[in-house]
Amino acid sequence: MVFSFFKKKDVEPDEPLPKQPRIVQPKPATPPAGDGGPAAEAAAPPRELPVLDFTTIGPTTISGARIDVVESSDALSAAMEQAAISFANDQVDDAIAILVADIATAEGQHALDTWLMLFDLYQMRNRRAEFDELALRFVVAFERSAPVWQGASGADKPAVPPAQAKAGGPSYLFPQQLKGDTVEGQLDQLEKLTAAGAPVRIDFGRIEQIDSAAAAAVVARWARFRKKKVRFQPTGGPALADKLKASIEVMRRVDDEAPFWLLLMEVYQLLGLQEDFENTAVDYAVTYEVSPPSWDITAKTKTAAEVAAEEAKLRAEAPTPEPVVDAFQFQGPIVGGSEAAFAPMLAYAEEHQDVRIDFSRVSRIDFVSAGMLMNALVTLTAQGKSPILTGANELVVALFRIMGIADVARIVRKK
């Protein structure tokens with residue numbers, strides 16, 4: 001699930017933040033070759049690109065489960081810290097061994113948090129037998145219900161709820177705005193969902209605005225997906241195609257509109273509408289006097305009625321919508337220390353005072369990325385924003401506490 005730019009905020013005011021948060025500086029990324037620096041950027045201001053402004057409806061959701069608030073970063077045991085550090089370094093089995101050895105002696109809140117971390121690790125490793133055995137012991141030890149198994153998942157793949165699995169596996173909801181300066185990070189999140197090889201449900205239904213640079217980026221990424229033979233189950237494609245068609249015109253040769261033509265043909269290719277694709281390709285060739293893209297002869301051709309029936313079936317099988325909460329949602333592991341991964345979050349924050357960030361679909365975050373997140377959150381608090389981090393698994397929550405992120409943002413986690 002993905003965020004909405006324009007929903008009304010539904011968050012209680014944050015508590016006062018500490019005056020001097022601890023800032024964790026990540027290792028600096030190596031600058032790309034040929035970077036001219038600020039002087040070069042000033043000498044060549046970016047060209048203003050056209051923006052497509054659409055009107056559509058389609059909210060996004062995040063889980064409305066009961067929650068706890070993490071107040072500070074000083075409540076971790078030594079074993080919890082070691083396990084969180086091992087997990088951040090992708091040493092999942094080491095983290096499990098540390099926690100298994102610690103649960104026999106851990107006491108109080110440390111004991112509860114240790115057990116919850118171990119549940120999450122068993123879930124990620126798809127170790128159902130150990131999870132169930134731990135659940136029986138948990139009920140006896142704490143006299144409360146144990147966490148519930150949610151389905152098979154890998155160390156870098158969050159569990160998929162049964163309803164979502166029925167609807168075709170992992171899903172990605174495109175945001176309302178696609179902009180050239182943030183779209184790469186959004187597409188990176190989508191590409192992470194394709195790594196497992198299962199069909200990915202993608203929904204174009206919420207797109208309201210897209211600029212020329214963003215359209216070009218989507219076209220380029222789709223060429224990569226085709227080479228990898230990525231499988232998609234699209235919804236909202238016909239509506240996006242209609243919006244793109246309304247923004248272009250045969251013989252209106254505007255260079256910055258060319259990406260909209262190319263994106264329209266990609267949408268038709270994705271949907272299997274060969275006749276629409278070929279008609280658009282001819283119009284594109286006449287308008288720009290260039291050879292158009294070719295239809296993928298290996299693709300299955302469908303009629304408009306078949307596309308509509310398939311979309312209706314996918315929407316009928318989709319999980320029941322949950323209460324809407326306006327939030328930015330990360331997808332998949334956040335690793336590698338890429339600043340581009342946080343650009344969409346910062347763009348979302350520009351439109352919100354209470355910046356709610358959903359980590360429920362994040363399996364892991366490494367140290368460098370956590371440091372970049374920390375600095376981004378410090379920047380937001382300096383601007384008077386109130387960051388709220390929700391839904392992270394227990395290992396990610398522990399890392400946030402180690403890094404001091406709990407000192408600059410509210411961390412709200414599921415019970």
# chains A, B, ... in the order shown; residues from 1 in each chain; ligands from 1
$ closest_atom_pairs --of "range 181-215 of chain A" --to "range 259-278 of chain A" --cutoff "9 Å" --atoms "only C-alpha atoms" --output "CSV"
residue,atom,partner,partner_atom,distance
A:Asp211,CA,A:Phe260,CA,8.7
A:Ser212,CA,A:Pro259,CA,6.0
A:Ala213,CA,A:Pro259,CA,7.7
A:Ala214,CA,A:Pro259,CA,8.6
A:Ala215,CA,A:Pro259,CA,5.5
$ write_last_selection --atoms "N, CA, C and O atoms" --output "tab-separated table (two decimals), in the first residue's frame"
chain	number	residue	atom	x	y	z
A	211	ASP	N	4.62	14.12	-14.46
A	211	ASP	CA	5.34	15.03	-15.34
A	211	ASP	C	6.13	14.24	-16.37
A	211	ASP	O	6.23	13.01	-16.33
A	212	SER	N	6.70	14.96	-17.34
A	212	SER	CA	7.37	14.32	-18.46
A	212	SER	C	8.54	13.46	-18.02
A	212	SER	O	8.74	12.35	-18.52
A	213	ALA	N	9.34	13.96	-17.08
A	213	ALA	CA	10.50	13.20	-16.61
A	213	ALA	C	10.08	11.92	-15.91
A	213	ALA	O	10.72	10.87	-16.06
A	214	ALA	N	9.00	11.99	-15.14
A	214	ALA	CA	8.51	10.79	-14.46
A	214	ALA	C	8.00	9.76	-15.46
A	214	ALA	O	8.26	8.56	-15.32
A	215	ALA	N	7.29	10.22	-16.49
A	215	ALA	CA	6.79	9.30	-17.52
A	215	ALA	C	7.96	8.60	-18.21
A	215	ALA	O	7.92	7.39	-18.46
$ atom_distance --atom1 "CA of Ala347 in chain A" --atom2 "CA of Gln186 in chain A"
11.3 Å
$ residues_around --residues "range 352-356 of chain A" --least-positions-apart "4" --cutoff "6 Å" --atoms "only C-alpha atoms" --output "mmCIF file with all heavy atoms, in the first residue's frame"
data_model
loop_
_atom_site.group_PDB
_atom_site.id
_atom_site.type_symbol
_atom_site.label_atom_id
_atom_site.label_comp_id
_atom_site.auth_asym_id
_atom_site.auth_seq_id
_atom_site.Cartn_x
_atom_site.Cartn_y
_atom_site.Cartn_z
ATOM 1 N N ALA A 327 -0.593 8.037 5.254
ATOM 2 C CA ALA A 327 0.784 7.725 5.637
ATOM 3 C C ALA A 327 1.611 7.468 4.392
ATOM 4 O O ALA A 327 1.099 7.034 3.356
ATOM 5 C CB ALA A 327 0.840 6.504 6.557
ATOM 6 N N LYS A 385 8.133 19.788 11.852
ATOM 7 C CA LYS A 385 7.304 18.628 11.548
ATOM 8 C C LYS A 385 7.297 17.648 12.726
ATOM 9 O O LYS A 385 8.173 17.683 13.589
ATOM 10 C CB LYS A 385 7.823 17.903 10.304
ATOM 11 C CG LYS A 385 7.988 18.783 9.075
ATOM 12 C CD LYS A 385 6.664 19.079 8.407
ATOM 13 C CE LYS A 385 6.881 19.829 7.097
ATOM 14 N NZ LYS A 385 5.608 20.081 6.377
ATOM 15 N N SER A 386 6.319 16.744 12.722
ATOM 16 C CA SER A 386 6.205 15.741 13.784
ATOM 17 C C SER A 386 6.219 14.344 13.160
ATOM 18 O O SER A 386 5.171 13.815 12.781
ATOM 19 C CB SER A 386 4.906 15.942 14.576
ATOM 20 O OG SER A 386 4.865 17.227 15.162
ATOM 21 N N PRO A 387 7.395 13.725 13.023
ATOM 22 C CA PRO A 387 7.468 12.390 12.409
ATOM 23 C C PRO A 387 6.887 11.309 13.328
ATOM 24 O O PRO A 387 7.116 11.310 14.543
ATOM 25 C CB PRO A 387 8.969 12.165 12.198
ATOM 26 C CG PRO A 387 9.609 13.504 12.400
ATOM 27 C CD PRO A 387 8.720 14.246 13.343
ATOM 28 N N ILE A 388 6.141 10.395 12.739
ATOM 29 C CA ILE A 388 5.542 9.282 13.462
ATOM 30 C C ILE A 388 5.837 8.012 12.657
ATOM 31 O O ILE A 388 5.403 7.890 11.508
ATOM 32 C CB ILE A 388 4.020 9.458 13.620
ATOM 33 C CG1 ILE A 388 3.704 10.807 14.293
ATOM 34 C CG2 ILE A 388 3.417 8.312 14.419
ATOM 35 C CD1 ILE A 388 2.255 11.222 14.190
#
$ residues_around --residues "Asp132 in chain A" --least-positions-apart "4" --cutoff "9 Å" --atoms "only C-alpha atoms" --output "ChimeraX atom specification"
/A:127-128,136-137,148-149
$ residues_around --residues "Gly236 in chain A" --least-positions-apart "3" --cutoff "8 Å" --atoms "only C-alpha atoms" --output "PyMOL selection string"
chain A and resi 203-205+239-240+311
$ write_last_selection --atoms "C-alpha atoms" --output "compact mmCIF listing (two decimals), in the first residue's frame"
# COMPACT_ATOMS: atom_id res chain seq x y z
CA ASP A 203 -2.72 -0.32 -9.33
CA PHE A 204 -2.56 2.85 -11.44
CA GLY A 205 -5.95 4.05 -10.20
CA ALA A 239 -8.28 4.75 -16.73
CA LEU A 240 -4.61 5.80 -16.92
CA GLU A 311 -9.63 -6.10 -13.61
